[in-house]
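Below is one structure, written out as structure tokens, with a few remarks after it.
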Amino acid sequence: MKKRDTYWRILFLGPALCAFSVFVLWPLIDSFRYSFTNWNGFSSNYRFVGFDNYARVLADKAFLNATVNSAIWVVAALVLPTLLGLVVALLLNRKFRGVDVFKTIFFLPICLAPIVVGQIWIWIFQPDWGLLNTVIGAATGTASFGFPWLAKPSTALVSVIIAWSWQQTSIAMVIFLAGLTSIPRDLLEAAEIDGVGRWKQKLHIVLPMLRPATAVVVALSIINALKGFDILYIMTGGGPFHSSNTLAFFMYEESFRKYRMGYGSAISVVLFLIILLIMYVYFRQLRKLDKIYD
Amino acid sequence: MTSKLWTKTLIGAVIATAVPLFGAPPASAQEQVTISHFFSGDTRRAALKEIFDKFKGETGIEVVDSPIGHEDFKTAILVRAAGNSLPDVFSYWAGARVQFVVDADAIAPLDDLWASAQLGDVVAKSIANGATLYNGKRYLVPFGYHVDGFYYNPKVMTDSGITTMPKTWDELLAACQTLKSKGIPLIAMGSKNRWPAQGYFDFFLMRTAGPDYRLKLMTGKASYTDSEVKRAMGLWRDLIDGGCFVPNSNARGWRPAADLVVRGEAAMTLLGTYAIGYFVGNGAKPGVDFDVLDFPTIDKDAPSSAVGNVDGFVVAANAEHPVAARKLVAWLAKDSESQAKWIEVNGALSADPQLDNAPYSKVHQKAYNAVNQASTYRFSYDLETPPPVAEVGLNMFQKFMDDPSDIDGLLAETQEAAADAFKK
């Protein structure tokens with residue numbers, strides 16, 4: 001019986017494992033190999049340079065800049081959509097007229113591709129006729145208010161984070177809404193009978209009961225943030241002058257714009273290790289949380 | 001059905017499937033050539049389809065076309081090279097970028113084709129050697145070329161009282177102040193994608209230190225901290241400090257900058273002849289709605305020089321259809337109808353100077369004369385210096401447009417990064 005089970009497992013897991021090996025595992029191993037070379041991406045002639053690329057990564061100021069930007073990006077992309085998603089979910093978890101219309105509106109950004117989201121926000125941030133500057137101009141009485149949000153190093157990354165959070169908030173909202181519907185009504189009614197105020201109900205009943213949903217939102221936010229490349233590519237291209245360069249974009253720039261595929265591979269390996277570390281810490285914490293929850 | 005009949009049917013089906021697989025390949029498989037290029041706009045794609053259809057009609061070779069957007073092409077072609085799946089033919093920019101793929105053995109030399117197709121008789125002498133010769137061999141067949149100049153709105157200039165277009169640096173500064181007094185900035189620049197800013201650096205350096213010094217800088221034999229570079233950047237800063245640019249250059253691309261000129265919200269923009277294709281494509285009339293003037297003279301002693309880019313085609317070293325690929329690139333350079341079509345659509349100057357009935361507009365003709373009268377034709381910055389160094393410089397230009405206050409600091413930083421990029 002056990003042997004038969006093994007066959008079935010192989011049969012069902014086989015195709016997925018094959019695809020994983022070809023499209024994930026093999027490129028990963030290949031990148032690791034290239035990270036020890038000076039390959040430029042075009043030439044078939046390249047040589048092994050040992051740990052030169054890794055030494056260079058650690059000494060590169062641009063790498064430090066990209067690491068700091070990535071940290072800002074991940075933290076902001078985790079905190080903002082999670083908090084906003086929770087607030088919106090709590091607001092929409094009531095019965096009032098038109099609630100379904102609001103839910104649909106807040107859900108819409110998920111349906112858009114990041115490239116489309118980026119283009120929408122490029123228009124919003126456009127200095128001459130963009131919505132944001134028009135509103136600020138009207139509010140302050142400055143007719144020609146034309147701040148270039150995406151072209152200034154001080155605001156480029158923040159602007160992209162806002163655009164990103166706009167879309168990601170809807171994902172968080174949907175998960176929190178699902179979590180809210182699973183909270184037993186009688187628990188809240190009992191608290192109300194006992195004279196517990198609304199805020200205290202939220203703080204001591206709703207939020208703890210939302211832990212599983214929060215765990216999913218946090219995991220998704222971290223993974224999506226680390227994957228986030230396309231919206232940066234369309235909105236700022238990592239610029240102006242590296243001010244919105246994250247590690248993923250830095251890797252792209254070195255590999256494909258500067259034709260340093262070996263060095264780019266070394267950056268990708270470092271990025272992979274960072275992601276691995278983050279996910280390890282996260283899942284460890286999650287396991288601890290599960291034990292407490294159980 | 002009996003089991004024997006099943007077996008026979010199965011064998012029959014296998015044979016029927018295997019015959020086309022293992023038999024002689026169909027004729028069409030031999031008559032194909034794959035091509036990828038960065039001419040991706042609707043009108044250009046339509047024109048190229050027409051051109052490739054004509055090629056098929058004359059040679060029987062089908063062109064399998066896969067265009068990619070201009071900016072994305074730079075990455076996409078590298079990805080295909082890395083995957084060892086380059087198309088038979090691909091467009092590329094003459095200069096350092098072709099040198100890079102030549103050094104990587106990614107493209108095939110075409111000396112035999114150059115001689116047999118007598119391309120030397122067709123391609124303009126001013127660009128032939130500089131654009132096609134790499135390490136002593138011919139690798140690129142030019143399709144068209146561009147020259148940079150100031151594209152201006154004649155109505156804006158004349159309405160502001162400027163009837164003689166500026167030919168010297170002082171005249172340009174004076175025009176800037178005249179227009180400024182009317183509330184119109186002299187220049188619209190769209191440096192969002194960085195490269196549209198490079199023309200200023202190119203011209204300031206060529207019009208002061210000259211093309212030979214510039215070539216030294218581009219090849220790492222001179223330093224960005226040299227007095228020549230500082231002077232060029234200083235002149236550029238004079239334009240910025242003088243309020244000659246429409247604010248927020250880094251927030252817009254070259255097309256929105258060109259639109260500002262057409263709408264009369266700025267007087268001019270520095271672009272290549274591809275701008276003609278863009279203007280005309282949007283309904284502007286050459287010589288009426290827009291015109292071109294050469295970048296003004298700054299030092300009289302500096303040799304006259306033109307800057308631009310040569311678009312050409314190269315053949316991949318491991319091309320699947322090398323014979324058809326060579327036929328196509330030679331045909332594209334020599335077919336006069338295709339060249340004429342390309343002038344109309346792309347705004348390019350023809351690679352063939354003796355092209356009969358070239359549909360040059362008045363603006364084309366001026367650009368063409370600018371190249372002919374110049375003693376040197378050089379490639380634009382990002383095509384003259386190696387790609388890793390170009391990345392450093394392009395970032396510097398964008399940073400300078402954002403804050404031009406610290407030229408010395410910026411150039412010191414650039415030199416450090418450029419020296420590092422030259423080493424690798």
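We label chains A, B, ... in the order they appear in the structure tokens, count residues from 1 in each chain, and number ligands from 1 in the order shown.
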
Item to check | Interface, chain A side, toward chain B (8 Å; only C-alpha atoms) as a list in words | outcome: Gly41, Phe42, Ser43, Ser44, Asn45, Gln126, Pro127, Pro148, Leu150, Ala151, Lys152, Pro240, Phe241, Phe256, Arg257, Lys258 and Tyr259 of chain A

Spatial neighbours of region 200-213 of chain B, max dist 6 Å, only C-alpha atoms, sep filter under 4 positions, as a PDB file with N, CA and C atoms, in the first residue's frame:
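Result file around34.pdb:
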ATOM      1  N   GLU B 228      38.713  70.825 -20.354  1.00  0.00           N
ATOM      2  CA  GLU B 228      37.858  70.855 -21.553  1.00  0.00           C
ATOM      3  C   GLU B 228      36.421  70.447 -21.193  1.00  0.00           C
ATOM      4  N   ALA B 232      32.880  72.679 -21.088  1.00  0.00           N
ATOM      5  CA  ALA B 232      31.650  72.262 -21.791  1.00  0.00           C
ATOM      6  C   ALA B 232      30.463  72.247 -20.832  1.00  0.00           C
ATOM      7  N   ILE B 298      30.687  77.729 -31.276  1.00  0.00           N
ATOM      8  CA  ILE B 298      31.121  78.353 -30.016  1.00  0.00           C
ATOM      9  C   ILE B 298      32.552  78.871 -30.181  1.00  0.00           C
ATOM     10  N   ASP B 299      33.508  77.975 -30.413  1.00  0.00           N
ATOM     11  CA  ASP B 299      34.889  78.401 -30.705  1.00  0.00           C
ATOM     12  C   ASP B 299      35.089  78.312 -32.214  1.00  0.00           C
ATOM     13  N   ALA B 302      37.360  75.464 -33.467  1.00  0.00           N
ATOM     14  CA  ALA B 302      36.959  74.043 -33.387  1.00  0.00           C
ATOM     15  C   ALA B 302      36.452  73.578 -34.748  1.00  0.00           C
TER      16      ALA B 302
END

Item to check | Residues near His364 (chain B), cut-off 8 Å, only C-alpha atoms, skip fewer than 4 positions along chain, as a ChimeraX atom specification | outcome: /B:273,276,347,349,360,368

Item to check | Secondary structure check, strand (DSSP E or B) residues of region 41-94 of chain B, as an MDAnalysis selection string | outcome: chainID B and resid 62:67 89:93

Checklist entry - Of the candidates B:Leu113, B:Ala417, B:Ile35, B:Ala358, which shows the shortest atom-to-atom distance to Ile343 (chain B), using only C-alpha atoms? => result B:Ala358

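Atom to atom, CA of Leu226 (chain A) and CA of Leu108 (chain A) stand 22.6 Å apart.
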
Next on the checklist: Which residues are close to region 116-119 of chain A, i.e. within 10 Å by only C-alpha atoms, leaving aside same-chain residues fewer than 3 positions away? Reply as an NGL selection string.
Outcome noted: :A and (109-113 or 122-125 or 160 or 163-164 or 166-167 or 230-236)

Surrounding residues of Val33 (chain B) excluding itself and chain neighbours under 4 positions, 8 Å, only C-alpha atoms, as a PDB file with N, CA and C atoms, in the first residue's frame:
ATOM      1  N   ILE B  61      12.184  34.913 -50.504  1.00  0.00           N
ATOM      2  CA  ILE B  61      12.554  34.640 -49.105  1.00  0.00           C
ATOM      3  C   ILE B  61      11.587  35.365 -48.169  1.00  0.00           C
ATOM      4  N   GLU B  62      11.015  34.602 -47.266  1.00  0.00           N
ATOM      5  CA  GLU B  62      10.067  35.198 -46.331  1.00  0.00           C
ATOM      6  C   GLU B  62      10.807  35.787 -45.134  1.00  0.00           C
ATOM      7  N   VAL B  63      10.433  37.008 -44.753  1.00  0.00           N
ATOM      8  CA  VAL B  63      11.063  37.647 -43.591  1.00  0.00           C
ATOM      9  C   VAL B  63      10.146  37.471 -42.381  1.00  0.00           C
ATOM     10  N   VAL B  64      10.656  36.775 -41.368  1.00  0.00           N
ATOM     11  CA  VAL B  64       9.885  36.589 -40.131  1.00  0.00           C
ATOM     12  C   VAL B  64      10.325  37.696 -39.166  1.00  0.00           C
ATOM     13  N   ASP B  88      18.416  35.818 -37.180  1.00  0.00           N
ATOM     14  CA  ASP B  88      19.439  35.828 -38.236  1.00  0.00           C
ATOM     15  C   ASP B  88      19.997  37.237 -38.426  1.00  0.00           C
ATOM     16  N   VAL B  89      19.081  38.197 -38.434  1.00  0.00           N
ATOM     17  CA  VAL B  89      19.464  39.599 -38.666  1.00  0.00           C
ATOM     18  C   VAL B  89      18.879  40.439 -37.543  1.00  0.00           C
ATOM     19  N   HIS B 321      19.890  31.034 -40.936  1.00  0.00           N
ATOM     20  CA  HIS B 321      19.752  31.191 -42.397  1.00  0.00           C
ATOM     21  C   HIS B 321      20.749  32.245 -42.882  1.00  0.00           C
ATOM     22  N   ALA B 324      20.315  33.719 -46.664  1.00  0.00           N
ATOM     23  CA  ALA B 324      19.151  34.604 -46.790  1.00  0.00           C
ATOM     24  C   ALA B 324      19.386  35.892 -46.001  1.00  0.00           C
ATOM     25  N   ALA B 325      20.052  35.770 -44.850  1.00  0.00           N
ATOM     26  CA  ALA B 325      20.314  36.942 -44.011  1.00  0.00           C
ATOM     27  C   ALA B 325      21.190  37.951 -44.757  1.00  0.00           C
TER      28      ALA B 325
END

Next on the checklist: With only C-alpha atoms as the counted atoms, please give the residues lying no more than 7 Å from region 217-221 of chain B, apart from itself and same-chain residues fewer than 5 positions off, as a list in words.
Outcome noted: Glu384, Thr385 and Phe422 of chain B

Item to check | All residues 7 Å or closer to Val88 (chain A), only C-alpha atoms, same chain fewer than 4 positions away omitted, as a VMD selection string | outcome: chain A and resid 84 92 173

Next on the checklist: Let's see if you can do this: from backbone DSSP, list all helix (DSSP H, G or I) residues in region 2-142 of chain A, as a ChimeraX atom specification.
Outcome noted: /A:2-34,52-59,61-92,99-111,114-125,131-140

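With CA of Val310 (chain B) on one side and CA of Ala348 (chain B) on the other, the separation reads 9.1 Å.
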